[in-house]
Each structure stands twice: as structure tokens, then as C-alpha cells.
file model-v5.txt (compact mmCIF, N, CA and C atoms)
# COMPACT_ATOMS: atom_id res chain seq x y z
N MET A 9 -8.91 -172.89 156.78
CA MET A 9 -8.06 -173.71 155.95
C MET A 9 -8.43 -173.49 154.49
N MET A 10 -7.41 -173.48 153.63
CA MET A 10 -7.60 -173.32 152.19
C MET A 10 -7.41 -174.66 151.50
N TYR A 11 -8.16 -174.86 150.40
CA TYR A 11 -8.09 -176.09 149.63
C TYR A 11 -7.87 -175.74 148.16
N PHE A 12 -7.00 -176.47 147.50
CA PHE A 12 -6.81 -176.31 146.07
C PHE A 12 -7.96 -176.97 145.33
N ASP A 13 -8.59 -176.24 144.40
CA ASP A 13 -9.59 -176.81 143.50
C ASP A 13 -8.93 -177.30 142.21
N LYS A 14 -8.00 -176.49 141.72
CA LYS A 14 -7.27 -176.87 140.52
C LYS A 14 -6.01 -176.04 140.40
N ILE A 15 -5.08 -176.59 139.65
CA ILE A 15 -3.87 -175.86 139.30
C ILE A 15 -3.70 -175.97 137.80
N SER A 16 -3.41 -174.85 137.17
CA SER A 16 -3.25 -174.78 135.72
C SER A 16 -1.88 -174.22 135.40
N ILE A 17 -1.22 -174.87 134.46
CA ILE A 17 0.08 -174.42 134.00
C ILE A 17 -0.08 -174.07 132.53
N TYR A 18 0.22 -172.82 132.18
CA TYR A 18 0.08 -172.33 130.81
C TYR A 18 1.44 -171.95 130.25
N VAL A 19 1.73 -172.43 129.04
CA VAL A 19 3.01 -172.15 128.39
C VAL A 19 2.74 -171.74 126.95
N ASP A 20 3.29 -170.60 126.55
CA ASP A 20 3.27 -170.18 125.15
C ASP A 20 4.70 -170.34 124.63
N ALA A 21 4.85 -171.08 123.53
CA ALA A 21 6.19 -171.42 123.06
C ALA A 21 6.22 -171.55 121.55
N LYS A 22 7.44 -171.45 120.99
CA LYS A 22 7.66 -171.58 119.55
C LYS A 22 8.59 -172.75 119.29
N ARG A 23 8.21 -173.56 118.29
CA ARG A 23 9.10 -174.63 117.85
C ARG A 23 10.30 -174.03 117.15
N SER A 24 11.41 -174.73 117.17
CA SER A 24 12.64 -174.22 116.58
C SER A 24 12.52 -174.02 115.07
N ASP A 25 11.61 -174.72 114.41
CA ASP A 25 11.46 -174.61 112.96
C ASP A 25 10.29 -173.71 112.54
N SER A 26 9.78 -172.87 113.48
CA SER A 26 8.61 -172.05 113.17
C SER A 26 8.60 -170.77 114.00
N ASP A 27 7.95 -169.74 113.47
CA ASP A 27 7.74 -168.51 114.23
C ASP A 27 6.36 -168.48 114.88
N GLU A 28 5.58 -169.53 114.67
CA GLU A 28 4.21 -169.60 115.19
C GLU A 28 4.23 -169.88 116.69
N LEU A 29 3.48 -169.08 117.44
CA LEU A 29 3.36 -169.26 118.88
C LEU A 29 2.28 -170.30 119.16
N ASN A 30 2.64 -171.35 119.87
CA ASN A 30 1.70 -172.41 120.22
C ASN A 30 1.43 -172.38 121.72
N HIS A 31 0.27 -172.87 122.08
CA HIS A 31 -0.15 -172.89 123.48
C HIS A 31 -0.08 -174.32 124.01
N TYR A 32 0.58 -174.47 125.16
CA TYR A 32 0.72 -175.75 125.82
C TYR A 32 0.26 -175.58 127.26
N GLY A 33 0.08 -176.67 127.95
CA GLY A 33 -0.25 -176.56 129.36
C GLY A 33 -0.96 -177.78 129.88
N ARG A 34 -1.35 -177.66 131.11
CA ARG A 34 -2.02 -178.75 131.79
C ARG A 34 -2.91 -178.15 132.86
N ILE A 35 -4.10 -178.69 133.00
CA ILE A 35 -5.02 -178.29 134.07
C ILE A 35 -5.30 -179.53 134.90
N ILE A 36 -5.03 -179.44 136.18
CA ILE A 36 -5.25 -180.55 137.09
C ILE A 36 -6.34 -180.15 138.09
N SER A 37 -7.45 -180.86 138.08
CA SER A 37 -8.52 -180.62 139.05
C SER A 37 -8.24 -181.45 140.30
N LEU A 38 -8.47 -180.84 141.44
CA LEU A 38 -8.20 -181.49 142.72
C LEU A 38 -9.47 -181.53 143.56
N SER A 39 -9.53 -182.49 144.44
CA SER A 39 -10.66 -182.63 145.36
C SER A 39 -10.23 -182.27 146.76
N LYS A 40 -11.17 -181.92 147.59
CA LYS A 40 -10.89 -181.65 148.99
C LYS A 40 -10.40 -182.95 149.62
N GLY A 41 -9.33 -182.88 150.37
CA GLY A 41 -8.77 -184.07 150.98
C GLY A 41 -7.55 -184.56 150.22
N LEU A 42 -7.25 -185.82 150.36
CA LEU A 42 -6.07 -186.42 149.75
C LEU A 42 -6.26 -186.59 148.25
N ASN A 43 -5.28 -186.14 147.48
CA ASN A 43 -5.26 -186.33 146.03
C ASN A 43 -3.97 -187.06 145.70
N ILE A 44 -4.05 -188.06 144.86
CA ILE A 44 -2.88 -188.82 144.45
C ILE A 44 -2.65 -188.57 142.97
N ILE A 45 -1.45 -188.12 142.65
CA ILE A 45 -1.06 -187.88 141.26
C ILE A 45 -0.13 -189.02 140.87
N ALA A 46 -0.51 -189.79 139.89
CA ALA A 46 0.29 -190.93 139.43
C ALA A 46 0.57 -190.78 137.95
N GLY A 47 1.69 -191.32 137.51
CA GLY A 47 2.03 -191.29 136.09
C GLY A 47 3.39 -191.87 135.84
N ASP A 48 3.70 -192.06 134.58
CA ASP A 48 5.00 -192.59 134.18
C ASP A 48 6.10 -191.60 134.52
N ASN A 49 7.35 -192.09 134.47
CA ASN A 49 8.50 -191.20 134.64
C ASN A 49 8.45 -190.14 133.56
N THR A 50 8.88 -188.95 133.90
CA THR A 50 8.92 -187.76 133.04
C THR A 50 7.55 -187.34 132.54
N SER A 51 6.49 -187.66 133.27
CA SER A 51 5.15 -187.25 132.84
C SER A 51 4.71 -185.93 133.48
N GLY A 52 5.51 -185.36 134.40
CA GLY A 52 5.22 -184.05 134.96
C GLY A 52 4.80 -184.02 136.41
N LYS A 53 4.88 -185.12 137.12
CA LYS A 53 4.46 -185.15 138.54
C LYS A 53 5.31 -184.21 139.39
N THR A 54 6.61 -184.27 139.24
CA THR A 54 7.50 -183.40 140.02
C THR A 54 7.34 -181.94 139.60
N THR A 55 7.18 -181.71 138.30
CA THR A 55 6.94 -180.34 137.82
C THR A 55 5.69 -179.77 138.46
N LEU A 56 4.63 -180.57 138.53
CA LEU A 56 3.39 -180.12 139.17
C LEU A 56 3.62 -179.79 140.64
N ALA A 57 4.31 -180.65 141.35
CA ALA A 57 4.58 -180.40 142.78
C ALA A 57 5.39 -179.12 142.96
N LYS A 58 6.41 -178.92 142.13
CA LYS A 58 7.22 -177.70 142.22
C LYS A 58 6.40 -176.46 141.88
N CYS A 59 5.47 -176.59 140.94
CA CYS A 59 4.59 -175.47 140.59
C CYS A 59 3.67 -175.11 141.77
N LEU A 60 3.25 -176.09 142.54
CA LEU A 60 2.45 -175.81 143.74
C LEU A 60 3.25 -174.97 144.73
N TYR A 61 4.51 -175.35 144.96
CA TYR A 61 5.36 -174.55 145.84
C TYR A 61 5.54 -173.14 145.28
N TYR A 62 5.76 -173.05 143.97
CA TYR A 62 6.02 -171.76 143.32
C TYR A 62 4.82 -170.83 143.44
N ILE A 63 3.61 -171.31 143.17
CA ILE A 63 2.42 -170.45 143.22
C ILE A 63 2.18 -169.95 144.64
N LEU A 64 2.59 -170.73 145.63
CA LEU A 64 2.45 -170.32 147.02
C LEU A 64 3.58 -169.40 147.48
N GLY A 65 4.60 -169.24 146.64
CA GLY A 65 5.72 -168.36 146.99
C GLY A 65 6.71 -168.99 147.94
N VAL A 66 6.76 -170.30 148.00
CA VAL A 66 7.68 -170.97 148.92
C VAL A 66 8.64 -171.89 148.17
N GLU A 67 9.01 -171.49 146.94
CA GLU A 67 9.92 -172.31 146.15
C GLU A 67 11.31 -172.44 146.75
N GLU A 68 11.65 -171.54 147.68
CA GLU A 68 12.96 -171.65 148.33
C GLU A 68 13.07 -172.92 149.17
N ILE A 69 11.97 -173.57 149.48
CA ILE A 69 12.01 -174.87 150.17
C ILE A 69 12.74 -175.88 149.29
N ILE A 70 12.57 -175.77 147.98
CA ILE A 70 13.20 -176.70 147.04
C ILE A 70 14.62 -176.28 146.71
N ASP A 71 14.82 -175.00 146.41
CA ASP A 71 16.09 -174.53 145.85
C ASP A 71 16.91 -173.67 146.79
N GLY A 72 16.30 -173.13 147.83
CA GLY A 72 17.03 -172.24 148.72
C GLY A 72 16.95 -170.78 148.32
N LYS A 73 16.37 -170.49 147.14
CA LYS A 73 16.23 -169.12 146.65
C LYS A 73 14.82 -168.90 146.14
N GLN A 74 14.41 -167.64 146.13
CA GLN A 74 13.09 -167.30 145.60
C GLN A 74 13.25 -166.92 144.13
N ASN A 75 13.12 -167.92 143.24
CA ASN A 75 13.20 -167.68 141.80
C ASN A 75 12.75 -168.92 141.05
N THR A 76 12.90 -168.90 139.74
CA THR A 76 12.41 -170.00 138.92
C THR A 76 13.38 -171.17 138.84
N SER A 77 14.59 -171.07 139.40
CA SER A 77 15.55 -172.16 139.26
C SER A 77 15.09 -173.44 139.95
N ALA A 78 14.11 -173.35 140.82
CA ALA A 78 13.56 -174.54 141.46
C ALA A 78 12.64 -175.31 140.53
N LEU A 79 12.20 -174.66 139.45
CA LEU A 79 11.25 -175.28 138.53
C LEU A 79 11.96 -176.05 137.43
N ASP A 80 11.23 -176.96 136.80
CA ASP A 80 11.75 -177.70 135.66
C ASP A 80 11.93 -176.76 134.48
N ARG A 81 12.99 -176.95 133.71
CA ARG A 81 13.28 -176.08 132.56
C ARG A 81 12.15 -176.05 131.54
N SER A 82 11.30 -177.07 131.53
CA SER A 82 10.22 -177.15 130.54
C SER A 82 9.17 -176.06 130.71
N VAL A 83 9.11 -175.41 131.87
CA VAL A 83 8.12 -174.35 132.07
C VAL A 83 8.70 -172.95 131.94
N PHE A 84 10.05 -172.84 131.74
CA PHE A 84 10.58 -171.49 131.58
C PHE A 84 11.73 -171.38 130.58
N GLN A 85 12.23 -172.50 130.07
CA GLN A 85 13.30 -172.41 129.07
C GLN A 85 12.88 -173.08 127.77
N TYR A 86 12.92 -174.41 127.74
CA TYR A 86 12.59 -175.14 126.53
C TYR A 86 12.19 -176.57 126.88
N PHE A 87 11.57 -177.24 125.92
CA PHE A 87 11.27 -178.66 126.04
C PHE A 87 11.27 -179.26 124.64
N THR A 88 11.20 -180.57 124.54
CA THR A 88 11.14 -181.21 123.24
C THR A 88 9.73 -181.71 122.97
N SER A 89 9.37 -181.70 121.70
CA SER A 89 8.04 -182.13 121.29
C SER A 89 8.17 -182.93 120.00
N GLN A 90 7.33 -183.94 119.85
CA GLN A 90 7.35 -184.73 118.62
C GLN A 90 6.30 -184.21 117.64
N ASP A 91 6.68 -184.12 116.37
CA ASP A 91 5.71 -183.73 115.35
C ASP A 91 4.98 -184.97 114.83
N ASN A 92 4.13 -184.80 113.84
CA ASN A 92 3.32 -185.91 113.30
C ASN A 92 4.16 -187.03 112.69
N GLU A 93 5.37 -186.70 112.23
CA GLU A 93 6.24 -187.72 111.64
C GLU A 93 7.13 -188.39 112.69
N GLY A 94 6.99 -188.00 113.96
CA GLY A 94 7.78 -188.60 115.03
C GLY A 94 9.12 -187.93 115.27
N GLU A 95 9.40 -186.84 114.56
CA GLU A 95 10.65 -186.12 114.78
C GLU A 95 10.53 -185.21 116.00
N GLU A 96 11.61 -185.17 116.78
CA GLU A 96 11.62 -184.31 117.95
C GLU A 96 12.07 -182.91 117.58
N ASN A 97 11.40 -181.92 118.12
CA ASN A 97 11.73 -180.51 117.91
C ASN A 97 11.94 -179.86 119.27
N ILE A 98 12.87 -178.92 119.30
CA ILE A 98 13.05 -178.12 120.51
C ILE A 98 12.03 -177.00 120.48
N VAL A 99 11.33 -176.81 121.59
CA VAL A 99 10.30 -175.80 121.70
C VAL A 99 10.75 -174.78 122.74
N GLN A 100 10.92 -173.52 122.32
CA GLN A 100 11.42 -172.45 123.18
C GLN A 100 10.26 -171.75 123.88
N VAL A 101 10.30 -171.69 125.21
CA VAL A 101 9.25 -171.05 125.99
C VAL A 101 9.38 -169.54 125.88
N GLU A 102 8.29 -168.88 125.48
CA GLU A 102 8.24 -167.42 125.39
C GLU A 102 7.62 -166.82 126.65
N SER A 103 6.55 -167.43 127.15
CA SER A 103 5.92 -166.97 128.39
C SER A 103 5.24 -168.16 129.05
N SER A 104 5.11 -168.07 130.37
CA SER A 104 4.45 -169.14 131.12
C SER A 104 4.00 -168.61 132.47
N TYR A 105 2.95 -169.22 132.99
CA TYR A 105 2.45 -168.83 134.29
C TYR A 105 1.64 -169.96 134.88
N ILE A 106 1.41 -169.85 136.17
CA ILE A 106 0.62 -170.83 136.91
C ILE A 106 -0.60 -170.12 137.47
N ILE A 107 -1.74 -170.78 137.40
CA ILE A 107 -2.95 -170.28 138.03
C ILE A 107 -3.46 -171.37 138.97
N ALA A 108 -3.77 -170.98 140.18
CA ALA A 108 -4.36 -171.92 141.15
C ALA A 108 -5.69 -171.34 141.62
N GLN A 109 -6.68 -172.20 141.66
CA GLN A 109 -7.98 -171.82 142.22
C GLN A 109 -8.12 -172.52 143.56
N LEU A 110 -8.46 -171.73 144.59
CA LEU A 110 -8.58 -172.25 145.94
C LEU A 110 -9.91 -171.84 146.55
N HIS A 111 -10.33 -172.56 147.57
CA HIS A 111 -11.52 -172.15 148.34
C HIS A 111 -11.27 -172.45 149.81
N ASN A 112 -12.03 -171.76 150.67
CA ASN A 112 -11.89 -171.99 152.11
C ASN A 112 -13.12 -172.72 152.63
N GLU A 113 -13.19 -172.87 153.93
CA GLU A 113 -14.29 -173.63 154.54
C GLU A 113 -15.64 -172.94 154.38
N GLU A 114 -15.65 -171.62 154.12
CA GLU A 114 -16.91 -170.90 153.85
C GLU A 114 -17.22 -170.88 152.35
N ASP A 115 -16.51 -171.66 151.56
CA ASP A 115 -16.66 -171.74 150.11
C ASP A 115 -16.39 -170.42 149.40
N GLN A 116 -15.59 -169.56 149.99
CA GLN A 116 -15.12 -168.37 149.30
C GLN A 116 -14.00 -168.81 148.37
N ILE A 117 -14.03 -168.33 147.14
CA ILE A 117 -13.09 -168.77 146.12
C ILE A 117 -12.15 -167.64 145.74
N ILE A 118 -10.87 -167.97 145.58
CA ILE A 118 -9.89 -167.04 145.03
C ILE A 118 -9.13 -167.77 143.92
N THR A 119 -8.64 -166.98 143.00
CA THR A 119 -7.78 -167.49 141.94
C THR A 119 -6.48 -166.70 142.00
N VAL A 120 -5.36 -167.41 141.98
CA VAL A 120 -4.04 -166.81 142.13
C VAL A 120 -3.24 -167.09 140.87
N ARG A 121 -2.55 -166.05 140.35
CA ARG A 121 -1.68 -166.23 139.18
C ARG A 121 -0.28 -165.73 139.52
N ARG A 122 0.71 -166.50 139.08
CA ARG A 122 2.10 -166.06 139.21
C ARG A 122 2.82 -166.44 137.92
N TYR A 123 3.46 -165.44 137.33
CA TYR A 123 4.22 -165.69 136.11
C TYR A 123 5.51 -166.42 136.42
N ILE A 124 5.90 -167.27 135.50
CA ILE A 124 7.19 -167.95 135.55
C ILE A 124 8.14 -167.23 134.60
N LYS A 125 7.62 -166.95 133.40
CA LYS A 125 8.41 -166.24 132.38
C LYS A 125 7.46 -165.36 131.60
N ASP A 126 7.93 -164.17 131.27
CA ASP A 126 7.16 -163.25 130.44
C ASP A 126 8.16 -162.46 129.61
N GLY A 127 8.53 -163.00 128.46
CA GLY A 127 9.55 -162.38 127.63
C GLY A 127 10.89 -162.39 128.35
N ASN A 128 11.52 -161.23 128.44
CA ASN A 128 12.82 -161.13 129.12
C ASN A 128 12.69 -160.73 130.59
N ASN A 129 11.48 -160.51 131.06
CA ASN A 129 11.27 -160.14 132.46
C ASN A 129 11.74 -161.27 133.37
N LYS A 130 12.53 -160.94 134.37
CA LYS A 130 13.05 -161.95 135.28
C LYS A 130 12.61 -161.73 136.72
N ASP A 131 11.77 -160.75 136.97
CA ASP A 131 11.30 -160.47 138.33
C ASP A 131 9.88 -160.98 138.49
N PHE A 132 9.75 -162.12 139.14
CA PHE A 132 8.43 -162.71 139.30
C PHE A 132 8.07 -162.85 140.77
N THR A 133 8.23 -161.75 141.48
CA THR A 133 7.87 -161.73 142.89
C THR A 133 6.46 -161.20 143.10
N GLN A 134 5.72 -161.05 142.04
CA GLN A 134 4.35 -160.54 142.11
C GLN A 134 3.36 -161.67 141.89
N ILE A 135 2.29 -161.68 142.69
CA ILE A 135 1.18 -162.58 142.45
C ILE A 135 -0.08 -161.74 142.29
N ASP A 136 -1.00 -162.22 141.48
CA ASP A 136 -2.27 -161.55 141.24
C ASP A 136 -3.37 -162.43 141.81
N ILE A 137 -4.33 -161.80 142.50
CA ILE A 137 -5.41 -162.55 143.14
C ILE A 137 -6.76 -161.97 142.75
N TRP A 138 -7.64 -162.86 142.25
CA TRP A 138 -9.01 -162.53 141.94
C TRP A 138 -9.91 -163.20 142.97
N GLU A 139 -11.03 -162.59 143.30
CA GLU A 139 -11.99 -163.18 144.23
C GLU A 139 -13.12 -163.83 143.44
N CYS A 140 -12.76 -164.77 142.57
CA CYS A 140 -13.73 -165.50 141.75
C CYS A 140 -13.06 -166.75 141.18
N LYS A 141 -13.86 -167.55 140.50
CA LYS A 141 -13.34 -168.73 139.82
C LYS A 141 -12.51 -168.31 138.61
N GLU A 142 -11.59 -169.17 138.22
CA GLU A 142 -10.75 -168.87 137.06
C GLU A 142 -11.58 -168.63 135.81
N GLU A 143 -12.61 -169.44 135.60
CA GLU A 143 -13.42 -169.30 134.37
C GLU A 143 -14.24 -168.01 134.35
N ASP A 144 -14.37 -167.32 135.49
CA ASP A 144 -15.10 -166.05 135.53
C ASP A 144 -14.21 -164.84 135.28
N ILE A 145 -12.92 -165.08 135.09
CA ILE A 145 -11.98 -163.98 134.89
C ILE A 145 -12.01 -163.55 133.43
N ASN A 146 -12.12 -162.23 133.23
CA ASN A 146 -11.97 -161.65 131.89
C ASN A 146 -11.14 -160.38 132.03
N LYS A 147 -10.98 -159.65 130.96
CA LYS A 147 -10.11 -158.47 130.99
C LYS A 147 -10.60 -157.39 131.94
N GLU A 148 -11.90 -157.36 132.24
CA GLU A 148 -12.45 -156.33 133.13
C GLU A 148 -12.49 -156.76 134.60
N THR A 149 -12.23 -158.02 134.88
CA THR A 149 -12.30 -158.51 136.26
C THR A 149 -11.19 -157.89 137.09
N LYS A 150 -11.58 -157.28 138.19
CA LYS A 150 -10.60 -156.62 139.07
C LYS A 150 -9.83 -157.66 139.87
N TYR A 151 -8.56 -157.35 140.08
CA TYR A 151 -7.71 -158.21 140.89
C TYR A 151 -6.76 -157.34 141.70
N THR A 152 -6.14 -157.96 142.67
CA THR A 152 -5.17 -157.28 143.51
C THR A 152 -3.81 -157.94 143.33
N SER A 153 -2.78 -157.14 143.17
CA SER A 153 -1.41 -157.66 143.04
C SER A 153 -0.68 -157.50 144.36
N TYR A 154 0.07 -158.52 144.71
CA TYR A 154 0.88 -158.51 145.93
C TYR A 154 2.30 -158.90 145.55
N TYR A 155 3.25 -158.40 146.33
CA TYR A 155 4.65 -158.77 146.12
C TYR A 155 5.07 -159.75 147.18
N LEU A 156 5.73 -160.81 146.74
CA LEU A 156 6.26 -161.81 147.66
C LEU A 156 7.59 -161.31 148.20
N HIS A 157 7.82 -161.52 149.48
CA HIS A 157 9.09 -161.07 150.09
C HIS A 157 9.89 -162.27 150.51
call {"tool": "encode", "arguments": {"input": "model-v5.txt", "output": "C-alpha cells"}}
result
Amino acid sequence: MMYFDKISIYVDAKRSDSDELNHYGRIISLSKGLNIIAGDNTSGKTTLAKCLYYILGVEEIIDGKQNTSALDRSVFQYFTSQDNEGEENIVQVESSYIIAQLHNEEDQIITVRRYIKDGNNKDFTQIDIWECKEEDINKETKYTSYYLH
């Protein structure tokens, strides 16, 4: 049996009034067993659940198709953000991906990455798997890519 240790959602995006690329995201640590995610409406609970399906390659359970349309637009199109003066700005997503770290009963750890958006690329049937913790990954760390069918 596999257990989620954490799920990370990374988004690189630009505000409508700037060319500067900003980094957004969320890292959720999970424990073995039952985990309860609670929060206000529109705080990201459903987005997190859909990202779990997406990283596992079973997003068609939600939408009927294998693609990003099952996900919330905030992780692949745009979202709104408030600046220091309280004004809302539209933030355009340039790239985004999900990373999940899992372990099995023998405490073997894998880290899985699946892109949601990467520029104009629309084919995200590939997942990358490392045999280490997410924090141990660097540019030289070897990984294996698999295609989802």
C-alpha cells in the first residue's frame, strides 16, 4: 500500500499589470491514515482533491476525460489576487505542476511530478518519478518518465 506524505502545487504566474513572474503554491503535509482538510469556501479544498486525482492520472473520474479540464482554472488559466491596497488583479498562469511524495509499507519513498501547464504545451500525459524525497531532488537527480494511457 502507498501513502501520501505531501502534495505540493506550484504555480508561476504574472499579474495583469506586470511582466514579473511570481511564484505561488501550496504544500500540504499528510499523515499516514485519515487526514481531514478543512477550510472556508473557496479556500482550495476541492482544488486539492482534484489535484490528487490528477497526479495519480485518474482525473477522468471527475471529468470523463484525461486532461486539465477537471481541474480548477486557478491552476492552469488565471486567478485573482489582492495587492497591498486591496485592489484585485487578474493573475495569468504561465506554468504549473503538482508534486506528490509517497511512501510504502517498507518506507521506500518516491516523488511524482505531473505538469498542468507549461507555456503553450497541452500534452500532459507524462509523469516523472524520482526514488527519493522531494527535498533531495536537484538538477542531477535521475528520474524516470512514464506516459499515462
call {"tool": "select_by_dssp", "arguments": {"input": "model-v5.txt", "residues": "chain A", "states": "alpha helix (DSSP H)", "output": "count of residues only"}}
result
16
call {"tool": "atom_distance", "arguments": {"input": "model-v5.txt", "atom1": "CA of Lys147 (chain A)", "atom2": "CA of Ile124 (chain A)"}}
result
20.2 Å
call {"tool": "select_by_dssp", "arguments": {"input": "model-v5.txt", "residues": "region 42-137 of chain A", "states": "strand (DSSP E)", "output": "PyMOL selection string"}}
result
chain A and resi 86-90+96-112+117-126+134-137
call {"tool": "closest_residue", "arguments": {"input": "model-v5.txt", "among": "A:Ile137, A:Val19, A:Ile35, A:Ile98", "to": "Val83 (chain A)", "atoms": "all atoms listed in the file"}}
result
A:Val19
call {"tool": "residues_around", "arguments": {"input": "model-v5.txt", "residues": "Ser82 (chain A)", "least_positions_apart": "4", "cutoff": "8 Å", "atoms": "all atoms listed in the file", "output": "list in words"}}
result
Val19, Tyr86, Phe87, Thr88 and Val101 of chain A
call {"tool": "write_last_selection", "arguments": {"input": "model-v5.txt", "atoms": "N, CA and C atoms", "output": "JSON list (two decimals), in the frame of the given file"}}
result
[["chain", "number", "residue", "atom", "x", "y", "z"],
["A", 19, "VAL", "N", 1.73, -172.43, 129.04],
["A", 19, "VAL", "CA", 3.01, -172.15, 128.39],
["A", 19, "VAL", "C", 2.74, -171.74, 126.95],
["A", 86, "TYR", "N", 12.92, -174.41, 127.74],
["A", 86, "TYR", "CA", 12.59, -175.14, 126.53],
["A", 86, "TYR", "C", 12.19, -176.57, 126.88],
["A", 87, "PHE", "N", 11.57, -177.24, 125.92],
["A", 87, "PHE", "CA", 11.27, -178.66, 126.04],
["A", 87, "PHE", "C", 11.27, -179.26, 124.64],
["A", 88, "THR", "N", 11.20, -180.57, 124.54],
["A", 88, "THR", "CA", 11.14, -181.21, 123.24],
["A", 88, "THR", "C", 9.73, -181.71, 122.97],
["A", 101, "VAL", "N", 10.30, -171.69, 125.21],
["A", 101, "VAL", "CA", 9.25, -171.05, 125.99],
["A", 101, "VAL", "C", 9.38, -169.54, 125.88]]
call {"tool": "atom_distance", "arguments": {"input": "model-v5.txt", "atom1": "CA of His157 (chain A)", "atom2": "CA of Glu68 (chain A)"}}
result
11.4 Å
